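Asks: This is work27.cif, which holds mmCIF, C-alpha atoms and all ligand atoms:
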data_work
#
loop_
_atom_site.label_atom_id
_atom_site.label_comp_id
_atom_site.auth_asym_id
_atom_site.auth_seq_id
_atom_site.Cartn_x
_atom_site.Cartn_y
_atom_site.Cartn_z
CA MET A 1 0.00 0.00 0.00
CA ALA A 2 2.88 2.39 0.84
CA ASP A 3 4.19 1.89 -2.73
CA ARG A 4 0.94 3.09 -4.30
CA ARG A 5 1.77 6.24 -6.32
CA VAL A 6 -0.88 8.87 -7.00
CA GLY A 7 -0.90 11.11 -10.06
CA ILE A 8 -3.03 13.49 -12.07
CA LEU A 9 -5.21 11.57 -14.53
CA GLY A 10 -6.99 14.55 -16.11
CA LEU A 11 -7.18 18.34 -15.93
CA GLY A 12 -9.83 20.94 -16.74
CA ALA A 13 -10.20 24.71 -16.51
CA TYR A 14 -12.84 27.34 -17.02
CA LEU A 15 -12.32 31.10 -17.32
CA PRO A 16 -15.24 33.53 -17.60
CA GLU A 17 -15.43 35.30 -20.96
CA LYS A 18 -15.54 38.86 -19.67
CA VAL A 19 -12.10 40.51 -19.74
CA LEU A 20 -11.31 43.46 -17.46
CA THR A 21 -8.19 45.27 -18.67
CA ASN A 22 -5.91 47.63 -16.80
CA SER A 23 -7.29 50.51 -18.87
CA ASP A 24 -10.83 49.53 -17.77
CA LEU A 25 -9.59 49.84 -14.17
CA GLU A 26 -8.19 53.31 -14.90
CA LYS A 27 -11.85 54.37 -15.21
CA LEU A 28 -12.76 52.91 -11.79
CA VAL A 29 -9.89 53.98 -9.51
CA GLU A 30 -6.86 56.26 -9.58
CA THR A 31 -4.40 53.85 -11.16
CA SER A 32 -2.60 53.32 -14.45
CA ASP A 33 -1.85 50.45 -16.78
CA GLU A 34 1.83 51.33 -16.34
CA TRP A 35 1.65 51.05 -12.49
CA ILE A 36 -0.23 47.76 -12.56
CA ARG A 37 2.05 46.21 -15.20
CA THR A 38 5.33 47.28 -13.64
CA ARG A 39 4.34 46.58 -9.99
CA THR A 40 2.50 43.27 -10.62
CA GLY A 41 2.91 42.01 -14.21
CA ILE A 42 -0.90 41.85 -14.62
CA ARG A 43 -2.44 43.17 -17.86
CA GLU A 44 -6.00 41.84 -17.61
CA ARG A 45 -8.19 39.49 -15.62
CA ARG A 46 -11.47 37.58 -16.14
CA ILE A 47 -14.61 38.54 -14.26
CA ALA A 48 -17.70 36.32 -13.93
CA GLU A 49 -21.07 37.80 -14.88
CA LYS A 50 -22.92 39.12 -11.84
CA GLY A 51 -24.81 36.32 -10.10
CA THR A 52 -22.60 33.51 -11.44
CA PRO A 53 -21.67 31.28 -8.49
CA THR A 54 -18.28 29.63 -7.98
CA SER A 55 -19.91 26.18 -8.34
CA GLU A 56 -20.80 26.97 -11.96
CA LEU A 57 -17.18 27.66 -12.94
CA ALA A 58 -16.02 24.68 -10.85
CA ALA A 59 -18.53 22.32 -12.50
CA LYS A 60 -17.37 23.30 -16.01
CA ALA A 61 -13.71 22.76 -15.12
CA SER A 62 -14.57 19.46 -13.39
CA THR A 63 -16.52 18.07 -16.34
CA GLU A 64 -13.52 18.69 -18.60
CA ALA A 65 -11.10 17.14 -16.07
CA ILE A 66 -13.24 14.00 -15.73
CA GLN A 67 -13.57 13.64 -19.51
CA SER A 68 -9.84 14.12 -20.04
CA ALA A 69 -9.19 11.39 -17.43
CA GLY A 70 -11.40 9.09 -19.53
CA LEU A 71 -13.85 8.70 -16.63
CA LYS A 72 -17.54 9.33 -15.91
CA PRO A 73 -18.80 11.59 -13.09
CA THR A 74 -20.02 8.48 -11.24
CA ASP A 75 -16.41 7.18 -11.18
CA ILE A 76 -15.43 10.03 -8.81
CA ASP A 77 -15.27 8.83 -5.18
CA LEU A 78 -14.64 12.15 -3.42
CA ILE A 79 -14.66 15.88 -4.22
CA ILE A 80 -12.31 18.27 -2.41
CA LEU A 81 -12.99 21.87 -3.39
CA ALA A 82 -10.69 24.72 -2.40
CA THR A 83 -12.18 28.22 -2.38
CA ILE A 84 -12.46 31.45 -0.41
CA SER A 85 -15.51 32.51 -2.41
CA PRO A 86 -17.98 29.64 -1.82
CA ASP A 87 -21.50 29.91 -3.23
CA MET A 88 -22.73 30.28 0.36
CA PHE A 89 -21.67 29.49 3.93
CA PHE A 90 -23.35 26.11 3.73
CA PRO A 91 -23.90 23.69 2.11
CA SER A 92 -20.38 23.30 0.81
CA THR A 93 -19.67 24.29 -2.79
CA ALA A 94 -18.31 20.74 -3.28
CA CYS A 95 -21.85 19.36 -2.70
CA LEU A 96 -23.30 21.84 -5.21
CA VAL A 97 -20.67 20.80 -7.78
CA GLN A 98 -21.41 17.12 -7.10
CA ASN A 99 -25.03 17.72 -8.08
CA LYS A 100 -24.15 19.89 -11.11
CA ILE A 101 -21.76 17.35 -12.65
CA GLY A 102 -23.83 14.26 -11.81
CA ALA A 103 -21.39 12.64 -9.38
CA ARG A 104 -22.57 10.44 -6.50
CA CYS A 105 -19.90 10.81 -3.86
CA PRO A 106 -19.00 12.69 -0.69
CA GLY A 107 -17.50 16.15 -0.98
CA PHE A 108 -16.24 18.96 1.20
CA ASP A 109 -14.66 22.40 0.90
CA ILE A 110 -11.29 23.43 2.27
CA SER A 111 -10.28 26.96 3.18
CA ALA A 112 -6.60 27.54 2.56
CA ALA A 113 -6.95 30.61 0.32
CA CYS A 114 -4.41 30.75 -2.51
CA SER A 115 -2.71 27.56 -1.19
CA GLY A 116 -6.01 25.70 -1.59
CA PHE A 117 -5.22 23.60 -4.65
CA PRO A 118 -1.88 22.14 -3.45
CA TYR A 119 -3.61 21.55 -0.07
CA ALA A 120 -6.41 19.64 -1.87
CA VAL A 121 -3.89 17.59 -3.84
CA SER A 122 -1.96 16.75 -0.65
CA ILE A 123 -5.11 15.57 1.13
CA GLY A 124 -6.32 13.63 -1.92
CA GLU A 125 -2.96 11.98 -2.42
CA GLY A 126 -2.97 10.65 1.15
CA LEU A 127 -6.53 9.33 0.87
CA ILE A 128 -5.81 7.47 -2.37
CA ARG A 129 -2.44 6.16 -1.19
CA SER A 130 -4.09 4.77 1.94
CA GLY A 131 -6.57 2.88 -0.24
CA THR A 132 -9.60 4.80 1.08
CA TYR A 133 -10.64 6.24 -2.31
CA ARG A 134 -9.76 5.51 -5.95
CA HIS A 135 -10.57 8.70 -7.89
CA ILE A 136 -10.62 12.10 -6.23
CA LEU A 137 -11.62 15.37 -7.89
CA ALA A 138 -9.47 18.24 -6.55
CA ILE A 139 -10.85 21.67 -7.50
CA GLY A 140 -9.63 25.25 -7.07
CA ALA A 141 -12.38 27.72 -7.94
CA GLU A 142 -13.14 31.37 -7.22
CA VAL A 143 -15.60 34.09 -8.06
CA ILE A 144 -13.67 36.49 -5.89
CA SER A 145 -14.81 39.58 -7.80
CA GLY A 146 -17.87 39.80 -5.52
CA PHE A 147 -15.63 40.22 -2.46
CA ILE A 148 -13.44 42.98 -3.86
CA ASN A 149 -13.89 46.64 -3.00
CA TRP A 150 -13.83 48.14 -6.48
CA LYS A 151 -12.95 51.50 -4.94
CA ASP A 152 -9.77 50.17 -3.27
CA ARG A 153 -6.93 50.42 -5.79
CA SER A 154 -4.55 48.50 -3.54
CA THR A 155 -6.59 45.29 -4.02
CA CYS A 156 -9.03 45.63 -6.96
CA VAL A 157 -6.30 45.59 -9.60
CA LEU A 158 -4.94 42.24 -8.42
CA PHE A 159 -7.67 39.61 -8.52
CA GLY A 160 -9.65 37.67 -11.12
CA ASP A 161 -12.18 34.82 -11.35
CA GLY A 162 -11.60 31.29 -12.67
CA ALA A 163 -11.63 27.58 -11.91
CA GLY A 164 -9.52 24.51 -12.47
CA ALA A 165 -9.88 20.84 -11.58
CA ALA A 166 -7.75 17.72 -11.50
CA VAL A 167 -8.69 14.07 -11.21
CA LEU A 168 -6.30 12.20 -8.93
CA GLY A 169 -5.82 8.45 -9.16
CA GLU A 170 -3.28 5.67 -9.07
CA VAL A 171 -0.41 5.79 -11.58
CA SER A 172 2.53 3.49 -12.25
CA ASP A 173 6.12 3.38 -13.55
CA GLY A 174 7.57 5.92 -11.14
CA HIS A 175 5.24 8.75 -12.22
CA GLY A 176 2.96 10.81 -10.01
CA ILE A 177 3.21 12.81 -6.80
CA LEU A 178 6.67 12.37 -5.29
CA ALA A 179 6.20 14.56 -2.21
CA THR A 180 3.91 17.15 -0.66
CA TYR A 181 4.42 19.87 1.93
CA MET A 182 1.92 22.14 3.74
CA GLY A 183 2.41 24.91 6.30
CA SER A 184 0.49 27.66 8.08
CA ASP A 185 1.02 30.52 10.53
CA GLY A 186 -2.16 31.90 12.08
CA SER A 187 -0.25 34.62 13.95
CA GLN A 188 -0.20 36.54 10.67
CA ALA A 189 -3.89 36.06 9.83
CA GLU A 190 -4.60 39.79 9.80
CA LEU A 191 -2.26 40.47 6.88
CA LEU A 192 -4.81 39.17 4.38
CA GLN A 193 -8.46 38.58 5.21
CA ILE A 194 -12.16 39.27 4.79
CA PRO A 195 -12.77 40.30 8.41
CA ALA A 196 -16.59 40.13 8.60
CA GLY A 197 -19.34 37.69 7.76
CA GLY A 198 -18.28 34.94 10.16
CA SER A 199 -18.85 34.48 13.90
CA ALA A 200 -16.15 37.04 14.83
CA ILE A 201 -18.03 39.86 13.10
CA PRO A 202 -21.45 38.62 11.94
CA PRO A 203 -23.02 40.51 9.05
CA SER A 204 -24.66 43.77 10.05
CA LEU A 205 -25.43 47.10 8.46
CA ALA A 206 -22.38 48.52 10.27
CA SER A 207 -20.05 45.78 9.00
CA ILE A 208 -21.26 46.33 5.45
CA GLU A 209 -20.94 50.11 5.67
CA SER A 210 -17.37 49.70 7.04
CA GLY A 211 -16.37 47.54 4.04
CA LEU A 212 -15.46 44.63 6.29
CA HIS A 213 -16.86 42.06 3.83
CA TYR A 214 -14.21 42.89 1.27
CA VAL A 215 -10.68 41.51 0.85
CA GLN A 216 -8.22 43.51 2.95
CA MET A 217 -4.48 43.15 2.58
CA GLU A 218 -1.20 44.56 3.90
CA GLY A 219 0.40 44.30 0.46
CA SER A 220 4.08 44.77 1.18
CA GLU A 221 4.08 42.48 4.28
CA VAL A 222 2.26 39.80 2.29
CA PHE A 223 4.78 40.26 -0.51
CA LYS A 224 7.74 39.53 1.80
CA ALA A 225 6.03 36.52 3.39
CA ALA A 226 5.11 35.17 -0.08
CA VAL A 227 8.72 35.27 -1.28
CA ARG A 228 10.04 33.63 1.90
CA THR A 229 7.44 30.87 2.26
CA MET A 230 7.20 29.95 -1.44
CA SER A 231 11.00 29.74 -1.72
CA ASP A 232 11.26 27.62 1.43
CA SER A 233 8.39 25.38 0.24
CA VAL A 234 10.07 24.71 -3.11
CA LEU A 235 13.33 23.77 -1.39
CA GLU A 236 11.54 21.58 1.19
CA VAL A 237 9.38 19.66 -1.29
CA ALA A 238 12.35 19.12 -3.63
CA LYS A 239 14.31 17.69 -0.69
CA ARG A 240 11.42 15.41 0.30
CA ALA A 241 11.06 14.25 -3.33
CA ASN A 242 14.80 13.73 -3.67
CA VAL A 243 14.84 15.95 -6.78
CA ALA A 244 17.77 18.36 -7.26
CA ILE A 245 16.78 21.98 -7.97
CA GLU A 246 18.47 21.82 -11.38
CA ASP A 247 16.32 18.76 -12.22
CA ILE A 248 13.06 20.69 -11.75
CA ASP A 249 11.74 21.12 -15.31
CA CYS A 250 8.72 23.30 -14.61
CA LEU A 251 7.73 25.44 -11.63
CA ILE A 252 4.00 26.16 -11.37
CA PRO A 253 3.67 28.92 -8.78
CA HIS A 254 0.69 30.76 -7.37
CA GLN A 255 0.18 33.71 -9.71
CA ALA A 256 0.06 36.81 -7.49
CA ASN A 257 2.84 39.09 -8.69
CA LEU A 258 5.63 38.75 -11.26
CA ARG A 259 8.08 40.41 -8.86
CA ILE A 260 7.31 37.70 -6.26
CA LEU A 261 8.00 35.00 -8.86
CA SER A 262 11.31 36.59 -9.90
CA ALA A 263 12.39 36.75 -6.26
CA VAL A 264 11.39 33.10 -5.64
CA CYS A 265 13.39 32.04 -8.71
CA GLU A 266 16.39 33.99 -7.51
CA ARG A 267 16.23 32.49 -4.00
CA THR A 268 15.71 28.90 -5.16
CA GLY A 269 18.03 28.95 -8.17
CA ILE A 270 15.25 27.96 -10.60
CA PRO A 271 15.53 29.98 -13.83
CA LEU A 272 12.50 32.20 -14.57
CA GLU A 273 12.30 30.54 -18.01
CA LYS A 274 11.33 27.27 -16.29
CA THR A 275 8.51 29.03 -14.44
CA PHE A 276 5.01 29.02 -15.92
CA ILE A 277 3.41 32.46 -15.85
CA ASN A 278 -0.14 33.39 -16.81
CA LEU A 279 -0.84 36.15 -14.27
CA ASP A 280 -0.57 38.71 -17.08
CA ARG A 281 -3.87 37.33 -18.47
CA TYR A 282 -5.74 36.29 -15.32
CA GLY A 283 -4.33 38.14 -12.31
CA ASN A 284 -4.52 36.40 -8.94
CA MET A 285 -7.31 33.77 -8.99
CA SER A 286 -6.54 32.61 -5.44
CA ALA A 287 -7.25 28.83 -5.16
CA ALA A 288 -7.74 28.55 -8.93
CA SER A 289 -4.33 30.01 -9.82
CA THR A 290 -2.05 26.98 -9.58
CA VAL A 291 -4.47 24.50 -11.12
CA VAL A 292 -5.28 26.74 -14.10
CA ALA A 293 -1.53 27.32 -14.58
CA LEU A 294 -0.90 23.56 -14.44
CA TYR A 295 -3.68 22.98 -17.00
CA GLU A 296 -2.26 25.58 -19.40
CA ALA A 297 1.36 24.42 -18.95
CA ALA A 298 0.31 20.86 -19.82
CA LYS A 299 -1.80 22.03 -22.81
CA GLN A 300 1.06 24.17 -24.15
CA GLY A 301 3.53 21.27 -23.92
CA LYS A 302 5.62 23.00 -21.22
CA ILE A 303 5.19 19.81 -19.19
CA LYS A 304 6.05 16.54 -20.90
CA LYS A 305 6.17 12.91 -19.86
CA ASN A 306 8.84 12.47 -17.14
CA SER A 307 9.05 16.23 -16.45
CA ASN A 308 9.68 17.07 -12.80
CA VAL A 309 6.98 19.59 -11.90
CA VAL A 310 6.74 21.59 -8.68
CA LEU A 311 3.49 23.31 -7.70
CA VAL A 312 3.89 25.98 -5.04
CA ALA A 313 1.46 28.42 -3.45
CA PHE A 314 1.05 30.91 -0.69
CA GLY A 315 -1.96 32.70 0.75
CA SER A 316 -4.08 33.99 3.58
CA GLY A 317 -3.83 32.12 6.86
CA LEU A 318 -1.00 32.51 6.35
CA THR A 319 -0.75 29.24 4.45
CA TRP A 320 1.75 27.75 2.04
CA ALA A 321 2.05 24.42 0.23
CA ALA A 322 3.98 22.60 -2.47
CA CYS A 323 3.75 19.34 -4.43
CA ALA A 324 6.48 17.67 -6.48
CA ILE A 325 5.14 15.58 -9.36
CA ARG A 326 6.85 13.40 -11.96
CA TRP A 327 4.62 13.82 -15.04
O1 LIG B 1 -2.57 35.72 -3.23
C1 LIG B 1 -2.24 36.14 -1.94
C2 LIG B 1 -1.01 36.78 -1.94
N1 LIG B 1 -1.09 38.15 -2.36
C3 LIG B 1 0.01 38.68 -2.76
O2 LIG B 1 0.98 37.97 -2.88
C4 LIG B 1 0.11 40.17 -2.99
C5 LIG B 1 1.42 40.64 -2.43
N2 LIG B 1 1.65 42.05 -2.54
C6 LIG B 1 1.89 42.67 -3.72
O3 LIG B 1 1.84 42.07 -4.76
C7 LIG B 1 2.29 44.13 -3.69
O4 LIG B 1 2.57 44.50 -2.36
C8 LIG B 1 1.22 45.09 -4.28
C9 LIG B 1 1.14 44.89 -5.77
C10 LIG B 1 -0.13 44.79 -3.66
C11 LIG B 1 1.60 46.53 -4.02
O5 LIG B 1 2.87 46.79 -4.56
P1 LIG B 1 3.97 47.54 -3.69
O6 LIG B 1 5.15 47.72 -4.53
O7 LIG B 1 4.13 46.74 -2.41
O8 LIG B 1 3.30 48.93 -3.45
P2 LIG B 1 2.90 49.63 -2.07
O9 LIG B 1 1.74 48.93 -1.45
O10 LIG B 1 4.15 49.80 -1.24
O11 LIG B 1 2.46 51.04 -2.60
C12 LIG B 1 3.36 51.92 -3.29
C13 LIG B 1 2.60 53.12 -3.76
C14 LIG B 1 1.71 53.75 -2.68
O12 LIG B 1 1.72 55.14 -2.86
P3 LIG B 1 2.63 56.09 -1.94
O13 LIG B 1 2.18 55.82 -0.54
O14 LIG B 1 4.04 55.64 -2.18
O15 LIG B 1 2.34 57.44 -2.43
C15 LIG B 1 0.34 53.23 -3.00
O16 LIG B 1 -0.68 54.08 -2.56
O17 LIG B 1 1.70 52.73 -4.81
C16 LIG B 1 0.38 53.19 -4.50
N3 LIG B 1 -0.56 52.25 -5.09
C17 LIG B 1 -1.04 52.38 -6.34
N4 LIG B 1 -0.81 53.31 -7.29
C18 LIG B 1 -1.45 53.16 -8.46
C19 LIG B 1 -1.09 51.12 -4.53
N5 LIG B 1 -1.92 50.53 -5.41
C20 LIG B 1 -1.90 51.29 -6.53
C21 LIG B 1 -2.54 51.19 -7.77
N6 LIG B 1 -2.28 52.14 -8.70
N7 LIG B 1 -3.39 50.18 -8.08
#
Write out the structure in this file as C-alpha cells.
Ligand code: UT7
Replies:
Amino acid sequence: MADRRVGILGLGAYLPEKVLTNSDLEKLVETSDEWIRTRTGIRERRIAEKGTPTSELAAKASTEAIQSAGLKPTDIDLIILATISPDMFFPSTACLVQNKIGARCPGFDISAACSGFPYAVSIGEGLIRSGTYRHILAIGAEVISGFINWKDRSTCVLFGDGAGAAVLGEVSDGHGILATYMGSDGSQAELLQIPAGGSAIPPSLASIESGLHYVQMEGSEVFKAAVRTMSDSVLEVAKRANVAIEDIDCLIPHQANLRILSAVCERTGIPLEKTFINLDRYGNMSAASTVVALYEAAKQGKIKKNSNVVLVAFGSGLTWAACAIRW
C-alpha cells in the first residue's frame, strides 16, 4: 500500500469570458496600466457575470477534467474543493458541484486561500495512497470579484475569477506525486483577510458600511512573506522528493505578482524561463491560480512525460504548500 503512487489523470479549466483590462480599471480607480504592469505584471483578468456562483465555474472545469481522465462523473469517489468565495456558507460548494456534474460521492470544501489547490492535492494523495478512495476530484475555484472593494486600488487591480480541476488516481512506472508539503502561521492572519461575515463579526449594516466584507491586505508584508514561504516550500518539497533543484523542469507557482515570482526564482536557483506564468492574463485567482496554470502548462507542452513539476502556493492564513510531481 505504501508503494501506491498517486498522479493526475486529467485536468480541466474554465475562465469567464468577460475581460477586465488595466485601462478599464483606470476608469474605476486612480491607477494606471503602467503602475499595474510594472508593480505586478498583470495586464488583464477575467470577471464572472454578476450572479454567477463559484460552483458553476467549478462544474465546467470538473466536467472537462473527468472527460480528459477518460472517466464518468459516477467514477469520482470524493470531491475536495478549495475556495475562499464559496456559493454560500453552507452547504459546501463541493456538494453543489457534485449535483451539477452528476457525481454520487461525498465532498467537502477546504479553506486555505491561494494555497487551496496544493492543499487539496496533498489531502487527496494521502486518501488514495491509503486505499480509502480511488478517484478524487481536486478543485480550485473562485468568483472572488464579488468580495473585492472596487474603490480600493490596492486590491481591486490584483484579482480575477476562474476555476480549475484535477482528477487524482493511481499511476505506475515511477510517475505521479513524489512529495507534498503544507504549512500555516495563524499569527499573521490579519495580513490578508475578509474580516466580517463569520462568527467574529457577523453581518450587520455597520459591517457592510465599514467595508469589512471585502478583501483587505497589507500588500508589502504579504509580498515579503510570499517570497520567503514559497522559496522555502520549493526547497523543502524538492528535498522530500529527492529531486535536485536543477532537475526541476517546470515550476507552477501561485500567480500573485511577477516580482514575487522573480524573487522566488532567484532564492531557489530555478531559472525564470522554467517558471510558468499566466498572471498577465488572469491576475490572482486565489485557489484557482495553480491548477489553471498547471492545466495551461500541460496544454502548451511545457510539461512533458517524465518532467519534474513543482506546484507551489502561498496565501491567507498565512498558508503555504507545495507538491512535487513526476509527469
Ligand atoms: O494571493 C495572496 C497573496 N497576495 C500577494 O501575494 C500580494 C502581495 N503584494 C503585492 O503584490 C504588492 O505588495 C502590491 C502589488 C499589492 C503593491 O505593490 P507595492 O510595490 O508593495 O506597493 P505599495 O503597497 O508599497 O504602494 C506603493 C505606492 C503607494 O503610494 P505612496 O504611498 O508611495 O504614495 C500606494 O498608494 O503605490 C500606490 N498604489 C497604487 N498606485 C497606483 C497602490 N496601489 C496602486 C494602484 N495604482 N493600483
Asks: Taking only residues of chain A that have an atom at most 9 Å from an atom of ligand LIG 1 (chain B), what is each one's shortest atom pair and its distance in Å to one decimal, using only C-alpha atoms and all ligand atoms, in chain and number order, as JSON lines?
Replies:
{"residue": "A:Leu25", "atom": "CA", "partner": "B:LIG1", "partner_atom": "N7", "distance": 8.7}
{"residue": "A:Glu26", "atom": "CA", "partner": "B:LIG1", "partner_atom": "N6", "distance": 8.6}
{"residue": "A:Val29", "atom": "CA", "partner": "B:LIG1", "partner_atom": "N7", "distance": 7.7}
{"residue": "A:Glu30", "atom": "CA", "partner": "B:LIG1", "partner_atom": "N6", "distance": 6.2}
{"residue": "A:Thr31", "atom": "CA", "partner": "B:LIG1", "partner_atom": "N6", "distance": 3.7}
{"residue": "A:Ser32", "atom": "CA", "partner": "B:LIG1", "partner_atom": "N6", "distance": 5.9}
{"residue": "A:Asp33", "atom": "CA", "partner": "B:LIG1", "partner_atom": "N6", "distance": 8.3}
{"residue": "A:Glu34", "atom": "CA", "partner": "B:LIG1", "partner_atom": "N6", "distance": 8.7}
{"residue": "A:Trp35", "atom": "CA", "partner": "B:LIG1", "partner_atom": "C18", "distance": 5.5}
{"residue": "A:Ile36", "atom": "CA", "partner": "B:LIG1", "partner_atom": "N7", "distance": 6.0}
{"residue": "A:Arg39", "atom": "CA", "partner": "B:LIG1", "partner_atom": "C9", "distance": 5.6}
{"residue": "A:Thr40", "atom": "CA", "partner": "B:LIG1", "partner_atom": "C9", "distance": 5.3}
{"residue": "A:Ala113", "atom": "CA", "partner": "B:LIG1", "partner_atom": "C1", "distance": 7.6}
{"residue": "A:Cys114", "atom": "CA", "partner": "B:LIG1", "partner_atom": "O1", "distance": 5.3}
{"residue": "A:Ser115", "atom": "CA", "partner": "B:LIG1", "partner_atom": "O1", "distance": 8.4}
{"residue": "A:Asp152", "atom": "CA", "partner": "B:LIG1", "partner_atom": "N7", "distance": 8.0}
{"residue": "A:Arg153", "atom": "CA", "partner": "B:LIG1", "partner_atom": "N7", "distance": 4.2}
{"residue": "A:Ser154", "atom": "CA", "partner": "B:LIG1", "partner_atom": "N5", "distance": 3.8}
{"residue": "A:Thr155", "atom": "CA", "partner": "B:LIG1", "partner_atom": "C10", "distance": 6.5}
{"residue": "A:Cys156", "atom": "CA", "partner": "B:LIG1", "partner_atom": "N7", "distance": 7.3}
{"residue": "A:Val157", "atom": "CA", "partner": "B:LIG1", "partner_atom": "N7", "distance": 5.6}
{"residue": "A:Leu158", "atom": "CA", "partner": "B:LIG1", "partner_atom": "C9", "distance": 7.1}
{"residue": "A:Phe159", "atom": "CA", "partner": "B:LIG1", "partner_atom": "O1", "distance": 8.3}
{"residue": "A:Leu192", "atom": "CA", "partner": "B:LIG1", "partner_atom": "C1", "distance": 7.5}
{"residue": "A:Met217", "atom": "CA", "partner": "B:LIG1", "partner_atom": "C10", "distance": 7.8}
{"residue": "A:Glu218", "atom": "CA", "partner": "B:LIG1", "partner_atom": "O4", "distance": 7.3}
{"residue": "A:Gly219", "atom": "CA", "partner": "B:LIG1", "partner_atom": "O4", "distance": 3.6}
{"residue": "A:Ser220", "atom": "CA", "partner": "B:LIG1", "partner_atom": "O4", "distance": 3.9}
{"residue": "A:Glu221", "atom": "CA", "partner": "B:LIG1", "partner_atom": "O4", "distance": 7.1}
{"residue": "A:Val222", "atom": "CA", "partner": "B:LIG1", "partner_atom": "C5", "distance": 4.9}
{"residue": "A:Phe223", "atom": "CA", "partner": "B:LIG1", "partner_atom": "C5", "distance": 3.9}
{"residue": "A:Lys224", "atom": "CA", "partner": "B:LIG1", "partner_atom": "C5", "distance": 7.7}
{"residue": "A:Ala225", "atom": "CA", "partner": "B:LIG1", "partner_atom": "O2", "distance": 8.2}
{"residue": "A:Ala226", "atom": "CA", "partner": "B:LIG1", "partner_atom": "O2", "distance": 5.7}
{"residue": "A:Val227", "atom": "CA", "partner": "B:LIG1", "partner_atom": "O2", "distance": 8.4}
{"residue": "A:His254", "atom": "CA", "partner": "B:LIG1", "partner_atom": "O1", "distance": 7.2}
{"residue": "A:Gln255", "atom": "CA", "partner": "B:LIG1", "partner_atom": "O1", "distance": 7.3}
{"residue": "A:Ala256", "atom": "CA", "partner": "B:LIG1", "partner_atom": "O2", "distance": 4.8}
{"residue": "A:Asn257", "atom": "CA", "partner": "B:LIG1", "partner_atom": "O3", "distance": 5.0}
{"residue": "A:Leu258", "atom": "CA", "partner": "B:LIG1", "partner_atom": "O3", "distance": 8.2}
{"residue": "A:Arg259", "atom": "CA", "partner": "B:LIG1", "partner_atom": "O3", "distance": 7.6}
{"residue": "A:Ile260", "atom": "CA", "partner": "B:LIG1", "partner_atom": "O3", "distance": 7.2}
{"residue": "A:Asn284", "atom": "CA", "partner": "B:LIG1", "partner_atom": "O1", "distance": 6.1}
{"residue": "A:Met285", "atom": "CA", "partner": "B:LIG1", "partner_atom": "O1", "distance": 7.7}
{"residue": "A:Ser286", "atom": "CA", "partner": "B:LIG1", "partner_atom": "O1", "distance": 5.5}
{"residue": "A:Ala287", "atom": "CA", "partner": "B:LIG1", "partner_atom": "O1", "distance": 8.5}
{"residue": "A:Ser289", "atom": "CA", "partner": "B:LIG1", "partner_atom": "O1", "distance": 8.9}
{"residue": "A:Ala313", "atom": "CA", "partner": "B:LIG1", "partner_atom": "O1", "distance": 8.3}
{"residue": "A:Phe314", "atom": "CA", "partner": "B:LIG1", "partner_atom": "C1", "distance": 6.3}
{"residue": "A:Gly315", "atom": "CA", "partner": "B:LIG1", "partner_atom": "C1", "distance": 4.4}
{"residue": "A:Ser316", "atom": "CA", "partner": "B:LIG1", "partner_atom": "C1", "distance": 6.2}
Asks: What are the nearest atom pairs, with distances in Å to one decimal, for all residues of range 149-254 of chain A that come at most 8 Å from range 49-59 of chain A, using only C-alpha atoms, set out by chain and rising residue number as a Markdown table?
Replies:
| residue | atom | partner | partner_atom | distance |
| --- | --- | --- | --- | --- |
| A:Gly162 | CA | A:Leu57 | CA | 6.7 |
| A:Ala163 | CA | A:Ala58 | CA | 5.4 |
| A:Gly164 | CA | A:Ala58 | CA | 6.7 |
| A:Ala165 | CA | A:Ala58 | CA | 7.3 |
Asks: Rounded to one decimal place, report the CA of Lys18 in chain A-CA of Ala48 in chain A distance in Å.
Replies: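 According to the coordinates, CA of Lys18 in chain A and CA of Ala48 in chain A are separated by 6.6 Å.
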Asks: Counting all atoms listed in the file, what is within 10 Å of Ala244 in chain A, bar same-chain residues fewer than 5 positions away, as a ChimeraX atom specification?
Replies: /A:235,238-239,308
Asks: Just the number, please: distance in Å from CA of Leu168 in chain A to CA of Glu125 in chain A, one decimal.
Replies: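 According to the coordinates, CA of Leu168 in chain A and CA of Glu125 in chain A are separated by 7.3 Å.
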Asks: Range 220-233 of chain A, all listed atoms, 5 Å padding on each side: what axis-aligned box centre and edge lengths in Å to one decimal come out, as AutoDock Vina command-line options?
Replies:
--center_x 6.8 --center_y 35.1 --center_z 1.3 --size_x 19.0 --size_y 29.4 --size_z 16.0
Asks: How many Å lie between CA of Gly283 in chain A and CA of Gly186 in chain A, rounded to one decimal?
Replies: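 So the answer is 25.3 Å.
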Asks: Do a neighbour search on Phe117 in chain A at 8 Å with all atoms listed in the file, toss out local chain neighbours closer than 4 positions, and write the hits as a ChimeraX atom specification.
Replies: /A:82,121,138-140,287-288,290-291
Asks: Using all atoms listed in the file for the distances, tell me which of A:Leu20, A:Val309, A:Ile101, A:Ala322 is nearest to Asp280 in chain A.
Replies: A:Leu20
Asks: With a distance cut-off of 10 Å and all atoms listed in the file, select the neighbouring residues of Ile66 in chain A, excluding the residue or stretch itself and same-chain residues fewer than 3 positions from it, and output the selection as a short mmCIF file (atom, residue, chain, number, x, y, z; two decimals) with C-alpha atoms, in the frame of the given file.
Replies:
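Okay, this is what ended up in part.cif:
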data_model
loop_
_atom_site.label_atom_id
_atom_site.label_comp_id
_atom_site.auth_asym_id
_atom_site.auth_seq_id
_atom_site.Cartn_x
_atom_site.Cartn_y
_atom_site.Cartn_z
CA LEU A 9 -5.21 11.57 -14.53
CA GLY A 10 -6.99 14.55 -16.11
CA LEU A 11 -7.18 18.34 -15.93
CA GLY A 12 -9.83 20.94 -16.74
CA ALA A 61 -13.71 22.76 -15.12
CA SER A 62 -14.57 19.46 -13.39
CA THR A 63 -16.52 18.07 -16.34
CA ALA A 69 -9.19 11.39 -17.43
CA GLY A 70 -11.40 9.09 -19.53
CA LEU A 71 -13.85 8.70 -16.63
CA LYS A 72 -17.54 9.33 -15.91
CA PRO A 73 -18.80 11.59 -13.09
CA THR A 74 -20.02 8.48 -11.24
CA ASP A 75 -16.41 7.18 -11.18
CA ILE A 76 -15.43 10.03 -8.81
CA ILE A 101 -21.76 17.35 -12.65
CA HIS A 135 -10.57 8.70 -7.89
CA LEU A 137 -11.62 15.37 -7.89
CA ALA A 165 -9.88 20.84 -11.58
CA ALA A 166 -7.75 17.72 -11.50
CA VAL A 167 -8.69 14.07 -11.21
CA LEU A 168 -6.30 12.20 -8.93
#
